[in-house]
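Undergrad: You'll find my_file12.txt just under this line, and it carries compact mmCIF, C-alpha atoms.
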# COMPACT_ATOMS: atom_id res chain seq x y z
CA MET R 1 16.89 -12.61 -21.96
CA THR R 2 14.74 -10.53 -24.25
CA ASN R 3 11.47 -11.60 -25.76
CA ALA R 4 9.84 -9.42 -28.35
CA VAL R 5 6.14 -9.97 -27.93
CA LYS R 6 4.20 -9.20 -31.03
CA ASN R 7 0.75 -8.46 -29.73
CA ALA R 8 -1.39 -6.89 -32.40
CA GLU R 9 -4.50 -7.57 -30.34
CA ILE R 10 -3.60 -5.31 -27.50
CA SER R 11 -1.05 -2.76 -28.53
CA ALA R 12 0.70 -1.41 -31.55
CA PRO R 13 3.59 -0.94 -31.84
CA ALA R 14 4.74 -4.23 -30.28
CA THR R 15 5.58 -4.14 -26.60
CA GLU R 16 9.14 -5.18 -25.96
CA ILE R 17 9.41 -7.21 -22.75
CA THR R 18 12.67 -7.87 -20.98
CA TYR R 19 12.66 -10.55 -18.30
CA PHE R 20 14.99 -11.14 -15.38
CA SER R 21 15.67 -14.39 -13.60
CA PRO R 22 15.26 -14.18 -9.82
CA GLY R 23 17.95 -16.82 -9.43
CA ASN R 24 20.56 -14.28 -10.52
CA TYR R 25 19.84 -11.96 -7.60
CA PHE R 26 19.23 -11.76 -3.86
CA ILE R 27 15.54 -12.52 -4.39
CA GLY R 28 16.47 -15.97 -5.64
CA ILE R 29 18.50 -16.65 -2.49
CA VAL R 30 15.56 -15.57 -0.34
CA ASP R 31 13.20 -17.83 -2.31
CA GLN R 32 15.50 -20.82 -1.82
CA ILE R 33 15.86 -20.25 1.92
CA MET R 34 12.11 -19.73 2.30
CA SER R 35 11.23 -22.87 0.38
CA GLY R 36 13.58 -24.85 2.62
CA ASN R 37 12.10 -23.20 5.74
CA LYS R 38 15.62 -22.40 6.90
CA ASN R 39 17.10 -19.61 8.98
CA ALA R 40 20.14 -17.84 7.57
CA ARG R 41 22.36 -14.80 7.56
CA ILE R 42 23.04 -13.42 4.05
CA ASP R 43 26.00 -11.08 3.73
CA LEU R 44 27.18 -8.78 0.97
CA ALA R 45 30.65 -7.36 1.42
CA ASN R 46 30.74 -3.66 2.34
CA ASN R 47 26.96 -3.41 2.52
CA GLY R 48 25.81 -5.43 5.52
CA ALA R 49 23.54 -8.37 5.98
CA VAL R 50 19.98 -9.64 6.11
CA ILE R 51 19.04 -12.19 8.76
CA LEU R 52 16.20 -14.30 7.48
CA LEU R 53 14.07 -16.47 9.77
CA ALA R 54 11.90 -18.38 7.34
CA SER R 55 10.45 -20.45 10.15
CA GLN R 56 8.93 -17.28 11.64
CA ASN R 57 8.33 -15.36 8.38
CA ILE R 58 10.42 -12.43 9.62
CA PHE R 59 13.72 -10.80 8.80
CA TYR R 60 16.19 -8.36 10.31
CA SER R 61 18.00 -5.88 8.11
CA GLN R 62 21.51 -4.59 8.77
CA VAL R 63 21.94 -3.31 5.23
CA ARG R 64 23.36 0.10 4.38
CA ASP R 65 22.07 0.37 0.82
CA MET R 66 19.11 -1.89 0.13
CA GLU R 67 18.89 -1.01 -3.55
CA GLN R 68 22.48 -2.02 -4.19
CA PHE R 69 22.04 -5.11 -2.02
CA CYS R 70 19.09 -6.34 -4.06
CA ARG R 71 20.76 -5.64 -7.42
CA ALA R 72 24.02 -7.41 -6.64
CA PRO R 73 24.64 -10.72 -8.47
CA ALA R 74 23.74 -13.75 -6.38
CA SER R 75 27.32 -15.03 -6.60
CA GLN R 76 28.54 -12.13 -4.47
CA PHE R 77 26.58 -13.15 -1.37
CA THR R 78 27.76 -15.42 1.43
CA ILE R 79 25.20 -17.48 3.30
CA ARG R 80 25.50 -18.90 6.80
CA PHE R 81 22.72 -21.03 8.23
CA LEU R 82 21.80 -20.21 11.82
CA ASN R 83 21.47 -22.46 14.84
CA GLN R 84 19.21 -21.92 17.83
CA ALA R 85 21.85 -20.01 19.78
CA ASP R 86 22.29 -17.62 16.85
CA ILE R 87 18.54 -17.01 16.75
CA THR R 88 18.27 -16.43 20.49
CA SER R 89 21.00 -13.79 20.33
CA LEU R 90 18.96 -11.81 17.82
CA HIS R 91 16.67 -10.31 20.46
CA GLY R 92 17.45 -6.62 20.71
CA HIS R 93 18.79 -6.52 17.16
CA GLY R 94 16.17 -4.02 16.13
CA LYS R 95 12.70 -4.43 14.75
CA PRO R 96 11.92 -7.65 12.89
CA LYS R 97 9.80 -7.18 9.80
CA ASN R 98 7.40 -9.29 7.82
CA ILE R 99 9.14 -11.36 5.15
CA LYS R 100 6.68 -10.10 2.53
CA ASP R 101 8.28 -6.66 2.83
CA LEU R 102 11.70 -8.16 2.05
CA LEU R 103 10.35 -10.07 -0.95
CA TRP R 104 8.74 -6.90 -2.30
CA GLN R 105 11.95 -4.88 -1.92
CA ALA R 106 14.17 -7.60 -3.37
CA ALA R 107 12.09 -8.01 -6.54
CA PHE R 108 11.34 -4.29 -6.88
CA TYR R 109 15.01 -3.32 -6.94
CA ALA R 110 16.16 -6.30 -9.01
CA SER R 111 13.54 -5.57 -11.65
CA GLU R 112 14.76 -2.17 -12.94
CA GLY R 113 11.75 -2.18 -15.26
CA ARG R 114 12.10 -5.83 -16.28
CA LEU R 115 9.50 -8.51 -15.71
CA ILE R 116 10.24 -11.38 -13.36
CA GLU R 117 10.40 -14.71 -15.19
CA SER R 118 8.61 -16.52 -12.43
CA CYS R 119 8.04 -16.18 -8.73
CA THR R 120 7.62 -18.81 -6.06
CA ASN R 121 4.21 -17.51 -5.10
CA GLY R 122 2.92 -17.05 -8.65
CA GLY R 123 4.59 -19.48 -11.03
CA ALA R 124 5.80 -18.53 -14.49
CA THR R 125 4.82 -15.00 -15.45
CA GLN R 126 2.14 -14.85 -18.12
CA ILE R 127 1.37 -11.35 -19.32
CA TYR R 128 -2.17 -12.26 -20.39
CA ASP R 129 -3.24 -14.04 -17.24
CA VAL R 130 -6.02 -12.29 -15.37
CA ILE R 131 -4.69 -11.39 -11.95
CA LYS R 132 -6.05 -9.76 -8.82
CA LEU R 133 -4.37 -8.17 -5.84
CA HIS R 134 -4.87 -10.26 -2.71
CA HIS R 135 -4.22 -7.24 -0.49
CA TRP R 136 -2.46 -3.90 -0.77
CA PRO R 137 1.21 -3.66 0.13
CA ASN R 138 2.24 -1.45 3.05
CA LEU R 139 3.01 1.46 0.76
CA THR R 140 4.36 3.80 3.42
CA ARG R 141 7.22 1.45 4.30
CA LEU R 142 8.16 0.03 0.89
CA PRO R 143 9.86 1.36 -2.24
CA ILE R 144 7.20 2.32 -4.77
CA THR R 145 6.78 4.19 -8.04
CA ALA R 146 4.64 7.22 -8.83
CA ASN R 147 1.78 5.07 -10.12
CA THR R 148 1.94 2.19 -7.65
CA MET R 149 -1.28 3.33 -5.94
CA ARG R 150 -3.17 3.39 -9.26
CA ILE R 151 -1.98 -0.08 -10.18
CA CYS R 152 -2.96 -1.43 -6.76
CA ALA R 153 -6.33 0.34 -6.89
CA LEU R 154 -7.12 -1.24 -10.25
CA LEU R 155 -5.95 -4.75 -9.35
CA SER R 156 -7.77 -4.80 -6.03
CA ARG R 157 -10.98 -3.56 -7.62
CA SER R 158 -11.06 -5.30 -10.96
CA PRO R 159 -8.98 -8.30 -12.07
CA SER R 160 -6.85 -7.48 -15.07
CA SER R 161 -3.76 -8.63 -16.93
CA ILE R 162 -0.33 -7.03 -16.90
CA MET R 163 -0.73 -5.78 -20.46
CA LEU R 164 -4.21 -4.41 -19.88
CA ILE R 165 -3.01 -2.51 -16.80
CA HIS R 166 -0.37 -0.89 -19.01
CA ARG R 167 -2.99 0.05 -21.60
CA LYS R 168 -5.90 0.97 -19.34
CA LEU R 169 -3.97 3.24 -16.99
CA GLY R 170 -1.57 4.62 -19.60
CA ILE R 171 1.41 3.68 -17.43
CA GLU R 172 4.77 2.79 -18.96
CA ALA R 173 5.08 -0.97 -19.28
CA GLU R 174 8.38 -0.98 -17.38
CA GLU R 175 6.69 0.53 -14.33
CA VAL R 176 3.91 -2.06 -14.45
CA PHE R 177 6.50 -4.84 -14.77
CA GLN R 178 8.40 -3.56 -11.74
CA ILE R 179 5.32 -3.37 -9.52
CA TYR R 180 4.01 -6.72 -10.74
CA SER R 181 7.40 -8.36 -10.06
CA ALA R 182 7.39 -6.97 -6.53
CA ALA R 183 3.76 -7.86 -5.80
CA CYS R 184 4.08 -11.35 -7.25
CA SER R 185 7.23 -12.11 -5.26
CA ALA R 186 5.56 -10.87 -2.07
CA GLY R 187 2.64 -13.23 -2.64
CA LEU R 188 0.15 -10.40 -3.11
CA VAL R 189 -1.11 -11.48 -6.53
CA ARG R 190 -3.65 -14.19 -7.24
CA ILE R 191 -4.15 -15.62 -10.73
CA MET R 192 -7.86 -15.62 -11.51
CA HIS R 193 -7.68 -17.02 -15.03
CA ASN R 194 -4.97 -18.31 -17.33
CA ASN R 195 -5.02 -16.77 -20.76
CA THR R 196 -2.88 -17.09 -23.83
CA ALA R 197 -2.47 -14.45 -26.52
CA ASP R 198 -4.97 -16.35 -28.66
CA GLU R 199 -7.53 -16.45 -25.87
CA THR R 200 -7.19 -12.76 -25.07
CA PRO R 201 -10.12 -10.90 -26.59
CA HIS R 202 -9.33 -9.01 -29.73
CA ILE R 203 -9.11 -5.41 -28.65
CA GLU R 204 -8.35 -2.67 -31.08
CA ASN R 205 -6.53 0.30 -29.65
CA GLY R 206 -9.62 2.40 -29.89
CA ASN R 207 -11.72 -0.11 -27.96
CA ILE R 208 -9.67 -0.01 -24.78
CA LYS R 209 -11.33 2.39 -22.39
CA LYS R 210 -8.41 4.22 -20.91
CA VAL R 211 -8.80 5.24 -17.29
CA THR R 212 -8.03 8.90 -17.06
CA VAL R 213 -8.58 11.32 -14.24
CA SER R 214 -12.22 12.17 -14.37
CA SER R 215 -11.86 15.74 -13.17
CA SER R 216 -9.16 18.31 -12.92
CA ILE R 217 -9.43 18.47 -9.12
CA PHE R 218 -8.07 14.95 -8.79
CA ARG R 219 -5.15 15.74 -11.07
CA SER R 220 -4.50 18.98 -9.17
CA LEU R 221 -4.67 17.19 -5.83
CA PHE R 222 -2.33 14.50 -7.09
CA ASN R 223 0.18 17.13 -8.24
CA LYS R 224 -0.15 19.06 -4.98
CA LEU R 225 0.47 15.99 -2.81
CA SER R 226 3.28 14.71 -5.00
CA GLY R 227 5.02 18.03 -4.66
CA LEU R 228 4.76 18.19 -0.87
CA MET O 1 -14.82 23.17 -6.39
CA ASP O 2 -14.86 21.95 -2.79
CA LYS O 3 -14.41 18.33 -1.74
CA LYS O 4 -13.97 16.79 1.70
CA ILE O 5 -12.00 13.93 3.21
CA ILE O 6 -12.95 12.53 6.60
CA PHE O 7 -10.41 11.36 9.17
CA SER O 8 -11.91 9.28 11.92
CA GLY O 9 -10.72 7.01 14.68
CA SER O 10 -10.53 6.60 18.41
CA TYR O 11 -9.11 8.96 20.99
CA GLY O 12 -5.42 9.55 20.61
CA CYS O 13 -5.20 7.83 17.22
CA GLY O 14 -3.56 10.81 15.52
CA ARG O 15 -6.40 12.63 13.70
CA SER O 16 -5.22 16.13 14.66
CA CYS O 17 -1.59 15.33 13.99
CA SER O 18 -2.37 13.83 10.57
CA ILE O 19 -4.41 16.80 9.41
CA ARG O 20 -1.88 19.25 10.79
CA SER O 21 1.00 17.56 8.94
CA ILE O 22 -0.65 17.95 5.53
CA SER O 23 -2.84 21.06 5.69
CA ASP O 24 -2.11 24.49 4.33
CA ARG O 25 -4.18 25.86 7.19
CA MET O 26 -5.61 24.11 10.19
CA ILE O 27 -8.19 24.95 12.80
CA VAL O 28 -8.90 22.86 15.87
CA ILE O 29 -12.54 23.31 16.78
CA ALA O 30 -12.06 22.32 20.39
CA ASP O 31 -9.19 20.94 22.41
CA ASP O 32 -9.92 20.30 26.04
CA CYS O 33 -9.47 17.76 28.78
CA THR O 34 -10.39 14.29 27.66
CA ILE O 35 -13.68 13.06 29.02
CA ASP O 36 -14.11 10.16 31.41
CA HIS O 37 -12.16 6.92 30.93
CA HIS O 38 -10.43 8.08 27.78
CA ALA O 39 -8.29 10.40 29.93
CA LEU O 40 -6.22 7.32 30.74
CA ILE O 41 -5.30 7.10 27.08
CA LYS O 42 -4.60 10.75 26.44
CA PRO O 43 -4.93 13.61 28.87
CA THR O 44 -6.08 16.07 26.22
CA SER O 45 -7.96 15.34 23.08
CA ALA O 46 -9.97 17.20 20.47
CA ILE O 47 -13.50 16.80 21.72
CA GLY O 48 -14.98 18.52 18.70
CA MET O 49 -13.55 18.42 15.23
CA ASP O 50 -10.28 19.17 13.56
CA TYR O 51 -10.43 21.06 10.35
CA GLY O 52 -7.76 21.67 7.77
CA ILE O 53 -7.66 22.95 4.21
CA LEU O 54 -5.63 21.88 1.23
CA ASN O 55 -5.64 24.64 -1.38
CA ILE O 56 -5.32 22.95 -4.73
CA SER O 57 -5.56 25.45 -7.52
CA GLY O 58 -7.79 28.40 -8.31
CA ASN O 59 -10.96 27.88 -6.32
CA ASP O 60 -10.45 24.14 -5.76
CA ARG O 61 -10.06 23.10 -2.14
CA ILE O 62 -10.04 19.89 -0.16
CA HIS O 63 -11.52 20.21 3.31
CA LEU O 64 -10.06 17.80 5.84
CA TYR O 65 -12.29 16.95 8.80
CA GLY O 66 -11.12 15.02 11.83
CA ILE O 67 -14.09 13.56 13.63
CA PRO O 68 -13.89 11.57 16.87
CA GLY O 69 -15.34 8.12 16.55
CA GLY O 70 -17.01 7.83 19.92
CA ILE O 71 -20.71 7.03 20.04
CA GLU O 72 -21.41 10.49 21.45
CA PHE O 73 -20.28 11.97 18.13
CA ARG O 74 -22.44 9.78 15.93
CA GLN O 75 -24.68 12.65 14.89
CA ILE O 76 -21.70 14.75 13.81
CA LEU O 77 -20.38 11.79 11.84
CA ASP O 78 -23.69 11.34 10.05
CA THR O 79 -23.78 15.01 9.14
CA MET O 80 -20.22 15.32 7.93
CA CYS O 81 -19.81 12.05 6.02
CA GLU O 82 -22.39 12.84 3.37
CA ASP O 83 -20.74 13.24 -0.07
CA ALA O 84 -17.22 12.76 1.27
CA LEU O 85 -14.57 12.05 -1.36
CA GLY O 86 -13.07 9.39 0.89
CA PHE O 87 -12.28 8.30 4.41
CA VAL O 88 -9.18 7.68 6.49
CA ILE O 89 -9.75 5.48 9.54
CA LEU O 90 -6.92 5.69 12.04
CA LEU O 91 -6.31 2.86 14.48
CA ASP O 92 -4.11 3.12 17.54
CA CYS O 93 -2.26 -0.13 18.17
CA LYS O 94 -1.93 0.75 21.85
CA HIS O 95 -5.67 0.42 22.30
CA PRO O 96 -6.83 -2.86 23.83
CA ASP O 97 -8.53 -4.14 20.67
CA PRO O 98 -7.70 -2.17 17.51
CA VAL O 99 -9.28 -4.85 15.30
CA ALA O 100 -12.59 -4.31 17.09
CA ASP O 101 -12.09 -0.56 16.61
CA LEU O 102 -11.69 -1.16 12.88
CA GLU O 103 -14.97 -3.03 12.64
CA LEU O 104 -16.72 -0.39 14.75
CA TYR O 105 -15.71 2.52 12.53
CA LEU O 106 -16.32 0.72 9.29
CA ASN O 107 -19.82 -0.20 10.41
CA ALA O 108 -20.51 3.31 11.73
CA MET O 109 -19.70 4.86 8.32
CA LYS O 110 -20.78 1.92 6.19
CA LYS O 111 -23.33 3.63 3.98
CA TYR O 112 -21.13 6.66 3.35
CA ILE O 113 -18.12 4.50 2.55
CA ALA O 114 -20.23 2.49 0.12
CA ALA O 115 -21.49 5.71 -1.48
CA SER O 116 -17.88 6.74 -2.06
CA GLY O 117 -17.16 3.49 -3.87
CA ASN O 118 -15.34 2.04 -0.85
CA THR O 119 -12.79 4.84 -0.94
CA VAL O 120 -11.27 4.26 2.46
CA VAL O 121 -7.74 3.77 3.75
CA ILE O 122 -6.86 2.27 7.11
CA GLY O 123 -3.96 3.97 8.89
CA VAL O 124 -2.33 2.08 11.76
CA THR O 125 -0.50 4.22 14.32
CA GLN O 126 1.57 3.58 17.44
CA THR O 127 2.80 0.30 16.03
CA ASP O 128 4.71 -1.97 18.39
CA PRO O 129 8.39 -2.09 17.36
CA ASN O 130 8.62 -5.82 18.01
CA THR O 131 5.31 -7.27 16.96
CA THR O 132 3.68 -5.07 14.33
CA ASP O 133 1.74 -7.25 11.96
CA LEU O 134 -0.77 -5.57 9.74
CA ASP O 135 -2.13 -8.95 8.70
CA ILE O 136 -4.54 -8.97 11.66
CA PHE O 137 -6.34 -6.01 10.09
CA ARG O 138 -6.20 -7.48 6.58
CA ILE O 139 -7.78 -10.71 7.81
CA LYS O 140 -10.62 -8.75 9.41
CA LEU O 141 -11.12 -6.72 6.23
CA ALA O 142 -11.18 -9.86 4.10
CA SER O 143 -13.84 -11.32 6.38
CA MET O 144 -15.88 -8.15 5.77
CA GLY O 145 -15.41 -8.48 2.00
CA LEU O 146 -13.19 -5.41 1.73
CA SER O 147 -9.91 -5.03 -0.17
CA ILE O 148 -8.63 -1.68 1.01
CA PRO O 149 -5.16 -0.44 1.94
CA VAL O 150 -3.81 -0.95 5.45
CA LEU O 151 -0.85 1.40 5.95
CA GLU O 152 1.54 1.90 8.82
CA LEU O 153 1.53 5.59 9.73
CA ASP O 154 3.55 8.00 11.78
CA CYS O 155 1.15 10.93 11.84
CA GLN O 156 3.93 13.43 12.39
CA TYR O 157 5.57 12.29 9.18
CA SER O 158 3.86 14.15 6.35
CA ASP O 159 5.07 11.66 3.73
CA ASP O 160 2.97 8.96 5.38
CA ILE O 161 -0.15 11.12 5.25
CA LYS O 162 0.65 12.15 1.70
CA GLN O 163 0.92 8.50 0.67
CA THR O 164 -2.39 7.83 2.38
CA LEU O 165 -4.19 10.56 0.46
CA LEU O 166 -2.59 9.54 -2.84
CA SER O 167 -3.95 6.03 -2.31
CA LEU O 168 -7.35 7.53 -1.59
CA ILE O 169 -7.31 9.55 -4.83
CA ALA O 170 -6.29 6.51 -6.86
CA MET O 171 -9.18 4.53 -5.43
CA ARG O 172 -11.68 7.31 -5.94
CA GLU O 173 -10.57 7.87 -9.52
CA LEU O 174 -11.23 4.25 -10.40
CA ALA O 175 -14.51 4.18 -8.50
CA LEU O 176 -15.76 7.13 -10.53
CA MET O 177 -14.69 5.48 -13.79
CA GLN O 178 -16.57 2.36 -12.66
CA VAL O 179 -13.60 0.17 -13.54
Now, as a test, write the supplied structure out as structure tokens.
TA:
Amino acid sequence: MTNAVKNAEISAPATEITYFSPGNYFIGIVDQIMSGNKNARIDLANNGAVILLASQNIFYSQVRDMEQFCRAPASQFTIRFLNQADITSLHGHGKPKNIKDLLWQAAFYASEGRLIESCTNGGATQIYDVIKLHHWPNLTRLPITANTMRICALLSRSPSSIMLIHRKLGIEAEEVFQIYSAACSAGLVRIMHNNTADETPHIENGNIKKVTVSSSIFRSLFNKLSGL
Amino acid sequence: MDKKIIFSGSYGCGRSCSIRSISDRMIVIADDCTIDHHALIKPTSAIGMDYGILNISGNDRIHLYGIPGGIEFRQILDTMCEDALGFVILLDCKHPDPVADLELYLNAMKKYIAASGNTVVIGVTQTDPNTTDLDIFRIKLASMGLSIPVLELDCQYSDDIKQTLLSLIAMRELALMQV
């Protein structure tokens, strides 16, 4: 589904937004199992499985290629619900991880630069809603983009909307959509205020104070660390 | 231009290892037998400071200081934290109460952290393979009114330290822009 959003208040030319439905991917399966508080094994042929224990908010991963796993159509997965004996036998199956990490990964990879239509923890996505980051994701153990830290720093410090993040930080909209989709699915985002396009303050391009690196040393340090 | 980043934390938390993994050049000020009861945790430990340098470009450098967090080093902490670009607080999950450690270090450097615009990252090391849950630290931070990153770190893995410093820069950038 593609929605062309004509938004003369915030950006010109118009920002094209492409949405994706979580129900079409692995993330939708996870959402359904979580909402039912079930425990299940989710298999994808030739790629492995995720064992999801919604009752304990943990998961085990036996997946070879997580990116491919999360981008596969939902119809390709097989689901088997687990009984107590199955769960007991899981001890020694490796390190269980927090379910929020799985939700982040699943939405991050499914996104491919598209915006999630809605997420269980955040409702229908509204690009003008003022949002805030509840807490930072565990960046060292999750897939991220080059500007994930900047997006998180802004949203944890100062509530903003998806479109204003894109404008303020000068980050490609697709990257903001991907990080928002991941953060929203993982339950890291809190909606502070619902806005519509009409309610969003009229902001000419020149009136948006873009956040740029205040000194060359920060940019140099960023480049140095990124290249390490 | 010279800037500094402070690494602090308890004995054996990984200060030396973290600075070593990212520095262009590193100097350990002192490395000797660990004093008193901390010897049970780690037989040797830097009892002074670790120091490393990141050469950026031209004359720009970032000085990395690893300062022990024990009460006996409070005066060093007070001297070194002034005008720091940011702080990395390392917590060792094998310590009896790492959440209490977190509160201790945040309070010890409170005024300097505030002066930096709350540019601080929490690095959690020695995580338990079966029970790691960073939420215990996030809950403590929320109770202290802080929304700062809590990251799982393997100090020997330079990518983890790199990610930590990139988060620090992002936070500092926005603090300076007063966003």
Undergrad: Could you list, as a PyMOL selection string, every residue of chain R that has an atom within 9 Å of an atom of chain O, counting all atoms listed in the file?
TA: chain R and resi 94-98+133-141+147-154+156-158+211-215+217-218+220-226+228
Undergrad: Can those selected residues be exported to a file as an mmCIF file, in the coordinates of the input so that it contains C-alpha atoms?
TA:
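Ended up saving to part-v6.cif:
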data_model
loop_
_atom_site.group_PDB
_atom_site.id
_atom_site.type_symbol
_atom_site.label_atom_id
_atom_site.label_comp_id
_atom_site.auth_asym_id
_atom_site.auth_seq_id
_atom_site.Cartn_x
_atom_site.Cartn_y
_atom_site.Cartn_z
ATOM 1 C CA GLY R 94 16.170 -4.020 16.130
ATOM 2 C CA LYS R 95 12.700 -4.430 14.750
ATOM 3 C CA PRO R 96 11.920 -7.650 12.890
ATOM 4 C CA LYS R 97 9.800 -7.180 9.800
ATOM 5 C CA ASN R 98 7.400 -9.290 7.820
ATOM 6 C CA LEU R 133 -4.370 -8.170 -5.840
ATOM 7 C CA HIS R 134 -4.870 -10.260 -2.710
ATOM 8 C CA HIS R 135 -4.220 -7.240 -0.490
ATOM 9 C CA TRP R 136 -2.460 -3.900 -0.770
ATOM 10 C CA PRO R 137 1.210 -3.660 0.130
ATOM 11 C CA ASN R 138 2.240 -1.450 3.050
ATOM 12 C CA LEU R 139 3.010 1.460 0.760
ATOM 13 C CA THR R 140 4.360 3.800 3.420
ATOM 14 C CA ARG R 141 7.220 1.450 4.300
ATOM 15 C CA ASN R 147 1.780 5.070 -10.120
ATOM 16 C CA THR R 148 1.940 2.190 -7.650
ATOM 17 C CA MET R 149 -1.280 3.330 -5.940
ATOM 18 C CA ARG R 150 -3.170 3.390 -9.260
ATOM 19 C CA ILE R 151 -1.980 -0.080 -10.180
ATOM 20 C CA CYS R 152 -2.960 -1.430 -6.760
ATOM 21 C CA ALA R 153 -6.330 0.340 -6.890
ATOM 22 C CA LEU R 154 -7.120 -1.240 -10.250
ATOM 23 C CA SER R 156 -7.770 -4.800 -6.030
ATOM 24 C CA ARG R 157 -10.980 -3.560 -7.620
ATOM 25 C CA SER R 158 -11.060 -5.300 -10.960
ATOM 26 C CA VAL R 211 -8.800 5.240 -17.290
ATOM 27 C CA THR R 212 -8.030 8.900 -17.060
ATOM 28 C CA VAL R 213 -8.580 11.320 -14.240
ATOM 29 C CA SER R 214 -12.220 12.170 -14.370
ATOM 30 C CA SER R 215 -11.860 15.740 -13.170
ATOM 31 C CA ILE R 217 -9.430 18.470 -9.120
ATOM 32 C CA PHE R 218 -8.070 14.950 -8.790
ATOM 33 C CA SER R 220 -4.500 18.980 -9.170
ATOM 34 C CA LEU R 221 -4.670 17.190 -5.830
ATOM 35 C CA PHE R 222 -2.330 14.500 -7.090
ATOM 36 C CA ASN R 223 0.180 17.130 -8.240
ATOM 37 C CA LYS R 224 -0.150 19.060 -4.980
ATOM 38 C CA LEU R 225 0.470 15.990 -2.810
ATOM 39 C CA SER R 226 3.280 14.710 -5.000
ATOM 40 C CA LEU R 228 4.760 18.190 -0.870
#
Undergrad: Between CA of Ala49 in chain R and CA of Tyr109 in chain R, measure the distance and give it in Å to one decimal.
TA: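 Taking CA of Ala49 in chain R as the start and CA of Tyr109 in chain R as the end point, the length is 16.3 Å.
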Undergrad: Please provide as a list in words all residues within 7 Å of Phe7 in chain O, with the sequence filter that same-chain residues fewer than 4 positions apart are discarded (counting only C-alpha atoms).
TA: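 After dropping sequence-adjacent residues, the list is Arg15, Tyr65, Gly66, Ile67, Phe87, Val88 and Ile89 of chain O.
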Undergrad: With a distance cut-off of 8 Å and all atoms listed in the file, select the neighbouring residues of range 183-191 of chain R, excluding the residue or stretch itself and same-chain residues fewer than 4 positions from it, and output the selection as a PyMOL selection string.
TA: chain R and resi 100-104+107+119-122+129-137+179
Undergrad: Distance cut-off 12 Å, centre (31.7, -7.4, -4.6) in file coordinates, counting all atoms listed in the file: which residues qualify? Return them as a list of chain:residue names.
TA: R:Asp43, R:Leu44, R:Ala45, R:Asn46, R:Asn47, R:Gly48, R:Gln68, R:Phe69, R:Arg71, R:Ala72, R:Pro73, R:Ala74, R:Ser75, R:Gln76, R:Phe77, R:Thr78
Undergrad: Between CA of Ile99 in chain R and CA of Gln56 in chain R, what distance in Å does the model show, to one decimal?
TA: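 Taking CA of Ile99 in chain R as the start and CA of Gln56 in chain R as the end point, the length is 8.8 Å.
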Undergrad: Which one is closest to Lys111 in chain O: O:Lys140, O:Cys17, O:Glu82, O:Met26? Count only C-alpha atoms.
TA: O:Glu82
Undergrad: Report, in Å with one decimal, the straight-line distance from CA of Val50 in chain R to CA of Ala124 in chain R.
TA: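 For CA of Val50 in chain R relative to CA of Ala124 in chain R, the distance reads 26.5 Å.
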Undergrad: May I ask which of the residues R:Leu82, R:Ala54, R:Met66, R:Ile17 is the closest one to Ala40 in chain R, counting all atoms listed in the file?
TA: R:Leu82
